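Asks: See coords_32.tsv below, with TSV, C-alpha atoms.
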```
chain	number	residue	atom	x	y	z
B	1	MET	CA	0.00	0.00	0.00
B	2	ASN	CA	1.16	3.55	-0.59
B	3	HIS	CA	0.90	6.29	2.03
B	4	VAL	CA	-2.40	7.75	0.81
B	5	GLU	CA	-4.06	4.35	0.48
B	6	ARG	CA	-2.87	3.38	3.95
B	7	PHE	CA	-4.17	6.58	5.55
B	8	ARG	CA	-7.59	6.29	3.93
B	9	ALA	CA	-7.88	2.61	4.78
B	10	VAL	CA	-6.99	3.10	8.44
B	11	MET	CA	-9.40	5.99	8.84
B	12	ASN	CA	-12.22	3.98	7.32
B	13	GLY	CA	-11.59	0.85	9.39
B	14	GLN	CA	-10.24	-1.22	6.52
B	15	PRO	CA	-7.30	-3.67	6.64
B	16	VAL	CA	-3.80	-2.28	6.13
B	17	ASP	CA	-0.32	-3.71	5.79
B	18	ARG	CA	0.80	-1.53	8.70
B	19	LEU	CA	-0.26	1.64	10.48
B	20	PRO	CA	0.95	5.03	9.27
B	21	MET	CA	4.05	6.22	11.12
B	22	TRP	CA	3.64	9.94	11.49
B	23	GLU	CA	4.02	12.89	13.85
B	24	TRP	CA	0.97	15.04	13.31
B	25	ALA	CA	2.36	18.00	15.32
B	26	MET	CA	6.04	17.39	14.54
B	27	TRP	CA	8.46	18.98	17.02
B	28	TRP	CA	9.04	22.17	19.00
B	29	ASP	CA	11.73	24.51	17.65
B	30	GLU	CA	13.53	24.06	20.97
B	31	THR	CA	13.43	20.29	20.50
B	32	ILE	CA	14.99	20.51	17.04
B	33	ALA	CA	17.64	22.92	18.32
B	34	ARG	CA	18.58	20.46	21.06
B	35	TRP	CA	18.72	17.53	18.66
B	36	LYS	CA	21.07	19.43	16.36
B	37	THR	CA	23.55	19.54	19.24
B	38	GLU	CA	23.11	15.77	19.63
B	39	GLY	CA	23.63	14.64	16.04
B	40	LEU	CA	20.62	15.71	13.98
B	41	PRO	CA	22.14	17.06	10.72
B	42	GLY	CA	22.22	20.83	10.78
B	43	GLU	CA	21.16	21.17	7.14
B	44	LEU	CA	17.72	19.71	7.93
B	45	ASN	CA	15.45	22.72	8.32
B	46	THR	CA	11.86	21.83	7.44
B	47	VAL	CA	9.72	19.38	9.35
B	48	PHE	CA	9.27	17.44	6.12
B	49	GLU	CA	13.05	17.01	5.77
B	50	ILE	CA	13.37	15.95	9.40
B	51	SER	CA	10.48	13.53	9.02
B	52	GLU	CA	12.21	11.92	6.02
B	53	TYR	CA	15.45	11.68	7.99
B	54	PHE	CA	13.70	9.74	10.74
B	55	GLY	CA	12.04	7.43	8.21
B	56	LEU	CA	8.53	8.58	9.04
B	57	ASP	CA	5.78	8.55	6.46
B	58	PRO	CA	5.62	11.75	4.37
B	59	TYR	CA	2.81	14.10	5.32
B	60	GLN	CA	2.70	17.76	4.33
B	61	GLN	CA	0.54	20.30	6.16
B	62	PHE	CA	-0.71	23.61	4.78
B	63	TRP	CA	-2.14	25.94	7.42
B	64	PHE	CA	-4.26	28.78	6.04
B	65	SER	CA	-3.81	31.58	8.52
B	66	THR	CA	-6.45	34.26	9.01
B	67	THR	CA	-3.75	36.88	9.65
B	68	ASP	CA	-0.69	36.01	7.53
B	69	SER	CA	-0.33	35.04	3.87
B	70	THR	CA	1.49	31.86	4.75
B	71	ILE	CA	0.79	28.16	4.71
B	72	GLU	CA	2.51	27.57	8.03
B	73	ALA	CA	1.16	27.85	11.54
B	74	VAL	CA	2.49	31.18	12.78
B	75	GLN	CA	2.22	33.37	15.85
B	76	HIS	CA	-0.77	35.65	15.52
B	77	HIS	CA	-0.25	39.38	15.99
B	78	VAL	CA	-3.84	40.30	16.80
B	79	GLU	CA	-4.45	38.53	20.11
B	80	GLY	CA	-7.02	40.20	22.30
B	81	ILE	CA	-7.40	43.38	20.27
B	82	VAL	CA	-11.17	43.14	19.70
B	83	SER	CA	-13.63	44.21	22.39
B	84	ASN	CA	-16.65	45.18	20.31
B	85	MET	CA	-18.00	45.46	16.78
B	86	ASP	CA	-16.20	48.76	16.12
B	87	ASP	CA	-12.87	47.15	17.04
B	88	TYR	CA	-13.56	44.21	14.77
B	89	LEU	CA	-14.51	46.36	11.79
B	90	ARG	CA	-11.38	48.44	12.35
B	91	VAL	CA	-9.08	45.39	12.37
B	92	ARG	CA	-10.93	43.43	9.70
B	93	PRO	CA	-8.94	44.90	6.73
B	94	ARG	CA	-5.84	43.27	8.26
B	95	LEU	CA	-7.50	39.85	8.32
B	96	PHE	CA	-8.31	37.17	5.74
B	97	PRO	CA	-5.16	37.49	3.55
B	98	ASP	CA	-4.77	36.51	-0.08
B	99	HIS	CA	-3.24	33.03	-0.12
B	100	SER	CA	-2.81	32.80	-3.91
B	101	ALA	CA	0.96	32.32	-3.81
B	102	ALA	CA	0.73	29.81	-1.00
B	103	ILE	CA	-1.92	27.81	-2.82
B	104	ASP	CA	0.18	27.76	-5.99
B	105	SER	CA	2.99	26.24	-3.94
B	106	MET	CA	0.72	23.25	-3.25
B	107	ARG	CA	0.67	22.17	-6.89
B	108	PRO	CA	3.84	20.04	-6.80
B	109	TRP	CA	2.38	18.19	-3.83
B	110	ALA	CA	-0.70	17.29	-5.83
B	111	GLY	CA	1.44	15.06	-8.02
B	112	ARG	CA	3.19	13.47	-5.07
B	113	GLN	CA	-0.15	12.76	-3.43
B	114	ALA	CA	-1.61	11.35	-6.66
B	115	ARG	CA	1.33	8.94	-6.83
B	116	GLY	CA	0.84	7.96	-3.20
B	117	GLU	CA	4.19	9.44	-2.21
B	118	ALA	CA	2.84	11.90	0.35
B	119	VAL	CA	-0.36	12.74	2.19
B	120	VAL	CA	-1.44	16.37	1.96
B	121	TRP	CA	-3.60	17.94	4.61
B	122	ILE	CA	-4.79	21.45	5.22
B	123	THR	CA	-5.69	23.25	8.41
B	124	LEU	CA	-8.44	25.85	8.58
B	125	GLU	CA	-8.94	28.04	11.62
B	126	GLY	CA	-12.18	27.33	13.41
B	127	TYR	CA	-15.06	29.09	15.06
B	128	PHE	CA	-13.82	29.05	18.62
B	129	TRP	CA	-10.15	29.48	17.72
B	130	PHE	CA	-10.50	32.59	15.58
B	131	PRO	CA	-12.78	34.78	17.73
B	132	ARG	CA	-10.78	33.75	20.81
B	133	THR	CA	-7.63	34.87	19.02
B	134	LEU	CA	-9.22	38.24	18.33
B	135	MET	CA	-10.87	38.74	21.70
B	136	GLY	CA	-9.02	36.64	24.25
B	137	PHE	CA	-10.61	33.92	26.37
B	138	THR	CA	-12.36	36.16	28.91
B	139	ARG	CA	-13.95	38.42	26.33
B	140	ILE	CA	-15.20	35.59	24.12
B	141	SER	CA	-16.70	33.87	27.16
B	142	LEU	CA	-18.64	37.02	28.00
B	143	ALA	CA	-19.54	37.65	24.35
B	144	PHE	CA	-21.53	34.41	24.22
B	145	TYR	CA	-24.00	36.26	26.46
B	146	ASP	CA	-23.41	39.96	25.78
B	147	GLN	CA	-22.34	40.24	22.12
B	148	PRO	CA	-23.82	37.39	20.09
B	149	GLU	CA	-24.07	39.56	16.98
B	150	LEU	CA	-20.31	40.18	17.07
B	151	LEU	CA	-19.49	36.47	17.27
B	152	HIS	CA	-21.88	35.66	14.44
B	153	ARG	CA	-20.36	38.39	12.27
B	154	ILE	CA	-16.82	37.13	12.94
B	155	ASN	CA	-17.73	33.52	12.26
B	156	GLN	CA	-19.68	34.22	9.10
B	157	ASP	CA	-16.74	36.23	7.78
B	158	LEU	CA	-14.47	33.33	8.68
B	159	THR	CA	-16.78	30.88	6.91
B	160	ASP	CA	-16.77	32.98	3.74
B	161	PHE	CA	-12.96	33.12	3.90
B	162	ASN	CA	-12.59	29.37	4.47
B	163	LEU	CA	-14.95	28.56	1.60
B	164	ARG	CA	-12.99	30.86	-0.73
B	165	ILE	CA	-9.81	29.09	0.31
B	166	LEU	CA	-11.36	25.72	-0.45
B	167	ASP	CA	-12.46	26.86	-3.90
B	168	ARG	CA	-8.88	27.87	-4.68
B	169	VAL	CA	-7.28	24.84	-3.04
B	170	ALA	CA	-9.51	22.48	-5.04
B	171	GLN	CA	-7.92	23.82	-8.22
B	172	ALA	CA	-4.39	23.13	-6.97
B	173	CYS	CA	-4.34	20.11	-4.66
B	174	VAL	CA	-7.33	18.44	-3.03
B	175	PRO	CA	-6.20	17.38	0.46
B	176	THR	CA	-6.56	13.87	1.78
B	177	PHE	CA	-7.78	15.25	5.07
B	178	VAL	CA	-8.54	18.53	6.81
B	179	THR	CA	-8.10	19.62	10.40
B	180	ILE	CA	-10.17	22.45	11.86
B	181	ALA	CA	-8.10	24.21	14.52
B	182	GLU	CA	-10.28	24.90	17.56
B	183	ASP	CA	-8.53	24.21	20.90
B	184	MET	CA	-11.84	24.55	22.67
B	185	SER	CA	-11.26	21.99	25.42
B	186	TYR	CA	-8.82	21.89	28.33
B	187	ASN	CA	-7.84	19.45	31.09
B	188	HIS	CA	-11.34	19.36	32.58
B	189	GLY	CA	-13.41	19.32	29.39
B	190	PRO	CA	-14.95	21.81	26.95
B	191	MET	CA	-14.33	25.55	27.26
B	192	ILE	CA	-17.74	26.11	25.70
B	193	SER	CA	-21.17	24.78	26.68
B	194	GLU	CA	-23.16	22.56	24.36
B	195	ARG	CA	-25.78	25.31	24.04
B	196	HIS	CA	-23.21	27.84	22.94
B	197	PHE	CA	-21.57	25.31	20.63
B	198	ASP	CA	-24.93	24.77	18.96
B	199	GLU	CA	-25.52	28.51	18.67
B	200	PHE	CA	-22.10	29.83	17.68
B	201	ILE	CA	-20.11	26.92	16.18
B	202	ALA	CA	-22.50	24.40	14.64
B	203	PRO	CA	-24.18	26.77	12.12
B	204	TYR	CA	-20.80	27.46	10.51
B	205	TYR	CA	-19.73	23.81	10.52
B	206	ARG	CA	-22.93	23.15	8.58
B	207	GLN	CA	-21.73	25.52	5.87
B	208	LEU	CA	-18.13	24.31	5.82
B	209	ILE	CA	-18.11	20.57	6.45
B	210	PRO	CA	-20.39	19.51	3.55
B	211	ARG	CA	-17.96	21.29	1.23
B	212	LEU	CA	-15.05	19.35	2.74
B	213	HIS	CA	-16.92	16.07	2.34
B	214	ALA	CA	-17.70	16.95	-1.27
B	215	LEU	CA	-13.94	17.19	-1.86
B	216	GLY	CA	-13.54	13.69	-0.48
B	217	ALA	CA	-11.48	14.84	2.51
B	218	GLU	CA	-11.63	13.34	5.98
B	219	VAL	CA	-12.52	16.02	8.55
B	220	LEU	CA	-10.95	16.11	12.02
B	221	VAL	CA	-11.07	18.75	14.75
B	222	ASP	CA	-7.85	19.70	16.53
B	223	THR	CA	-8.66	20.48	20.15
B	224	ASP	CA	-6.27	19.97	23.05
B	225	GLY	CA	-7.25	18.79	26.50
B	226	ASP	CA	-10.18	16.46	27.20
B	227	VAL	CA	-12.48	16.28	24.19
B	228	THR	CA	-14.63	13.44	25.56
B	229	LEU	CA	-17.83	15.39	26.26
B	230	MET	CA	-17.52	17.26	22.99
B	231	VAL	CA	-17.22	14.24	20.68
B	232	PRO	CA	-20.98	13.69	20.17
B	233	TRP	CA	-21.45	17.41	19.40
B	234	LEU	CA	-18.79	17.17	16.70
B	235	LEU	CA	-20.04	13.91	15.21
B	236	ARG	CA	-23.56	15.19	14.72
B	237	GLU	CA	-22.18	18.11	12.68
B	238	GLY	CA	-20.26	15.84	10.30
B	239	VAL	CA	-16.82	15.88	11.93
B	240	GLN	CA	-15.28	12.43	11.57
B	241	GLY	CA	-12.44	12.52	14.06
B	242	VAL	CA	-10.40	14.30	16.71
B	243	LEU	CA	-6.81	14.81	17.72
B	244	PRO	CA	-4.52	14.85	19.72
B	245	LEU	CA	-6.30	13.01	22.60
B	246	GLU	CA	-3.98	14.27	25.33
B	247	ARG	CA	-3.32	11.60	27.91
B	248	GLN	CA	-2.41	14.10	30.64
B	249	ALA	CA	-5.92	15.54	30.32
B	250	GLY	CA	-7.42	12.16	31.17
B	251	VAL	CA	-8.63	11.20	27.68
B	252	ASP	CA	-9.34	7.47	27.42
B	253	GLY	CA	-9.21	6.35	23.79
B	254	MET	CA	-10.74	2.94	24.49
B	255	ARG	CA	-13.75	4.53	26.18
B	256	LEU	CA	-14.18	6.76	23.15
B	257	ARG	CA	-13.91	3.76	20.84
B	258	GLN	CA	-16.54	1.84	22.79
B	259	ARG	CA	-18.95	4.77	22.72
B	260	PHE	CA	-18.19	5.95	19.17
B	261	PRO	CA	-17.12	2.99	17.00
B	262	THR	CA	-16.56	5.05	13.84
B	263	LEU	CA	-14.66	7.94	15.46
B	264	GLN	CA	-11.32	8.64	13.77
B	265	MET	CA	-8.52	9.36	16.23
B	266	VAL	CA	-4.93	10.55	15.94
B	267	GLY	CA	-2.37	10.92	18.72
B	268	HIS	CA	-2.91	9.69	22.31
B	269	TYR	CA	0.72	8.63	22.93
B	270	ASP	CA	1.66	10.30	26.22
B	271	LYS	CA	4.53	12.67	25.42
B	272	MET	CA	5.43	12.83	29.12
B	273	VAL	CA	6.81	9.25	29.15
B	274	MET	CA	9.21	9.65	26.24
B	275	ASN	CA	12.23	10.43	28.43
B	276	ARG	CA	11.49	7.88	31.16
B	277	GLY	CA	13.29	4.87	29.76
B	278	GLU	CA	12.73	2.19	27.15
B	279	GLU	CA	10.41	-0.01	29.21
B	280	VAL	CA	8.06	2.89	29.97
B	281	VAL	CA	8.08	3.87	26.27
B	282	ARG	CA	7.17	0.29	25.33
B	283	ARG	CA	4.39	0.07	27.94
B	284	GLU	CA	2.76	3.17	26.48
B	285	PHE	CA	2.60	1.48	23.09
B	286	GLU	CA	1.19	-1.61	24.78
B	287	ARG	CA	-1.55	0.55	26.30
B	288	LEU	CA	-2.45	1.75	22.81
B	289	ALA	CA	-2.22	-1.68	21.15
B	290	PRO	CA	-5.96	-2.45	21.33
B	291	LEU	CA	-6.76	0.86	19.64
B	292	MET	CA	-4.08	0.25	17.03
B	293	LYS	CA	-5.52	-3.16	16.23
B	294	GLY	CA	-9.08	-1.88	16.03
B	295	GLY	CA	-8.65	0.60	13.18
B	296	ARG	CA	-9.61	4.25	12.69
B	297	PHE	CA	-6.64	5.21	14.90
B	298	ILE	CA	-3.15	6.49	14.11
B	299	PRO	CA	-0.76	6.54	17.08
B	300	SER	CA	1.29	9.70	17.43
B	301	VAL	CA	2.70	11.87	20.19
B	302	ASP	CA	-0.26	13.60	21.84
B	303	HIS	CA	1.28	16.99	21.06
B	304	GLN	CA	4.68	18.21	19.93
B	305	THR	CA	7.64	16.24	21.29
B	306	PRO	CA	8.97	18.38	24.16
B	307	PRO	CA	12.58	19.60	24.35
B	308	GLY	CA	13.13	17.46	27.43
B	309	VAL	CA	13.35	14.45	25.09
B	310	SER	CA	16.86	13.77	23.78
B	311	LEU	CA	17.59	12.59	20.26
B	312	ASP	CA	18.52	9.14	21.56
B	313	GLN	CA	15.29	8.94	23.57
B	314	TYR	CA	13.30	9.90	20.50
B	315	ARG	CA	15.02	7.14	18.53
B	316	VAL	CA	13.85	4.67	21.20
B	317	TYR	CA	10.29	5.91	20.67
B	318	LEU	CA	10.66	5.46	16.90
B	319	ARG	CA	12.03	1.95	17.31
B	320	TRP	CA	8.97	0.88	19.29
B	321	LEU	CA	6.66	2.71	16.90
B	322	ARG	CA	8.07	0.57	14.07
B	323	GLU	CA	7.67	-2.51	16.23
B	324	TYR	CA	3.98	-1.86	16.90
B	325	ALA	CA	2.96	-0.40	13.51
B	326	PRO	CA	2.31	-3.82	11.88
B	327	GLN	CA	-1.07	-4.82	13.31
```
Can you present the structure in this file as C-alpha cells?
Replies:
Amino acid sequence: MNHVERFRAVMNGQPVDRLPMWEWAMWWDETIARWKTEGLPGELNTVFEISEYFGLDPYQQFWFSTTDSTIEAVQHHVEGIVSNMDDYLRVRPRLFPDHSAAIDSMRPWAGRQARGEAVVWITLEGYFWFPRTLMGFTRISLAFYDQPELLHRINQDLTDFNLRILDRVAQACVPTFVTIAEDMSYNHGPMISERHFDEFIAPYYRQLIPRLHALGAEVLVDTDGDVTLMVPWLLREGVQGVLPLERQAGVDGMRLRQRFPTLQMVGHYDKMVMNRGEEVVRREFERLAPLMKGGRFIPSVDHQTPPGVSLDQYRVYLRWLREYAPQ
C-alpha cells in the first residue's frame, strides 16, 4: 500500500499492511535545536526534511492563517485586540489574507499525493479558535451572552474566507484530510457549553463541512485537552475525528472507541513518558495496542515532542513505533 491508500484505509476501518508512522504535530523549535547539538544534521530545516530523515511517512501540512499570507502555523499578531464590533470592523482589513501564492505552492504536492508518495492535509482556523484569538478567552466567554451579533459576524466572515480558500485549493491540490483548529477543550473538558456550541459553532460547521466532504477529505477537529464530552457534538455536525487526545488531560481512547465505533482518532501517545526509559516507552505502546488493532486510529505523540526528550530517547520511541505499527 502507498501512504495515501494506507491513511484512507486506516481511517475507514479497513485492513492495512501496517499503520501510518507519522508525527501530526512534529516537534518544537527548541526540541529541534537540542537535537542538532546531539547529532541531527544541521542542514535539515523543514519538518518534512526531518520527518524523512527519521524514516517517518511523508505528510505535508498547509495551514491557512487568518492573519498572515502563509501556509505555516504562525504566531498571531492580533491577540485580544477586539472588544466590540467597532474594534472588529477596524481590524478586519488586516484579516483574511490573499493566499494565492501559498496555494500555488501546493501544486507540486498534488502530483506526489496522486502517486501515493505523500499525504497532503490542510488546516483551517475554526469558530472558537478565531474569535478567541481576536478577543481573548475572557472576552469571548462574556460575548456568548453579551455580544452574540459580534461572534456571528466574525464567524460568518471566517466561513466565507474558508470557503474561498477551499475553492482555490480544489484547483491546486485536493487534500486527503482537513483539520479544523479549535482548541476549545482543556484538562477538565470543553471551554464552551453545548448550548453555545450549537448557537455559535455548529451553524458554521454546517456551511463548511459539507464542502469538505464533497472534496472527499476526511474532517478532524484539533482540540487539546479532554475532548470526551464534545465528541458527540462534533459527530452530529459531520466531523469524523479528533486529535490529539492528550493523555495528561485524562482522555481514554478505548472509552471513546466503545462509545463511538466510527470515530477517527490521531495521537494519544503520552509525550510525558518519552524520556522515562525504554520499558516505559514500550508500555505506552502496549496501552495503545488495542486501539491500534481496532482501526480508525493512528498513534502519534499527543502533542509536539517536548525539548526534554533527547535525540537518543526519540530514537527509542521510533524503534517501538516501528515494532507496533504492523497490526
Asks: Could you give me, as an MDAnalysis selection string, the residues that sit within 12 Å of (-17.7, 28.5, 0.4) in the file's coordinates, counting only C-alpha atoms?
Replies: chainID B and resid 156:170 204:212 214
Asks: Show which residues sit within 8 Å of Asp302 (chain B), as number ranges by chain. Count only C-alpha atoms, and ignore same-chain residues fewer than 2 positions away.
Replies: B: 243-247, 267-271, 300, 304
Asks: Residues within 9 Å of Leu19 (chain B), please, as a PyMOL selection string. Count all atoms listed in the file; anything in the same chain fewer than 2 positions from it doesn't count.
Replies: chain B and resi 6-7+10+16-17+21+292+295+297-299+324-327
Asks: Listed atoms of region 212-216 of chain B, axis-aligned box, 5 Å per side: centre and edge lengths to one decimal in Å, as AutoDock Vina command-line options?
Replies:
```
--center_x -15.6 --center_y 16.5 --center_z 0.4 --size_x 14.2 --size_y 15.7 --size_z 14.6
```
Asks: Name the closest residue to Arg296 (chain B) among the candidates B:Ala118, B:Leu89, B:Val219, B:Ala9; distances are taken between atoms, counting only C-alpha atoms.
Replies: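 Once distances to Arg296 (chain B) are computed over only C-alpha atoms, the minimum belongs to B:Ala9.
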Asks: Hey, which of B:Asn155, B:Gln60, B:Thr138, B:Gln313 ends up closest to Tyr88 (chain B)? Count only C-alpha atoms.
Replies: B:Asn155
Asks: Rounded to one decimal in Å, what is the spacing between CA of Ile192 (chain B) and CA of Arg90 (chain B)?
Replies: 26.8 Å
Asks: Can you work out which one of B:Glu30, B:Glu199, B:Glu79, B:Glu52 has the shortest atom-to-atom distance to Arg132 (chain B), counting only C-alpha atoms?
Replies: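 The closest residue to Arg132 (chain B) is B:Glu79.
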Asks: What does the distance between CA of Val316 (chain B) and CA of Leu40 (chain B) come to in Å, to one decimal place?
Replies: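 Rounded to one decimal, the two atoms are 14.8 Å apart.
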Asks: Go through B:Phe285, B:Thr66, B:Glu125, B:Phe130 and flag the residue nearest Val82 (chain B), using only C-alpha atoms for the distances.
Replies: B:Phe130
Asks: Taking only C-alpha atoms into account, which of B:Arg107, B:Arg195, B:Arg8, B:Arg34 comes nearest Glu218 (chain B)?
Replies: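 Of all the options, B:Arg8 lies closest to Glu218 (chain B).
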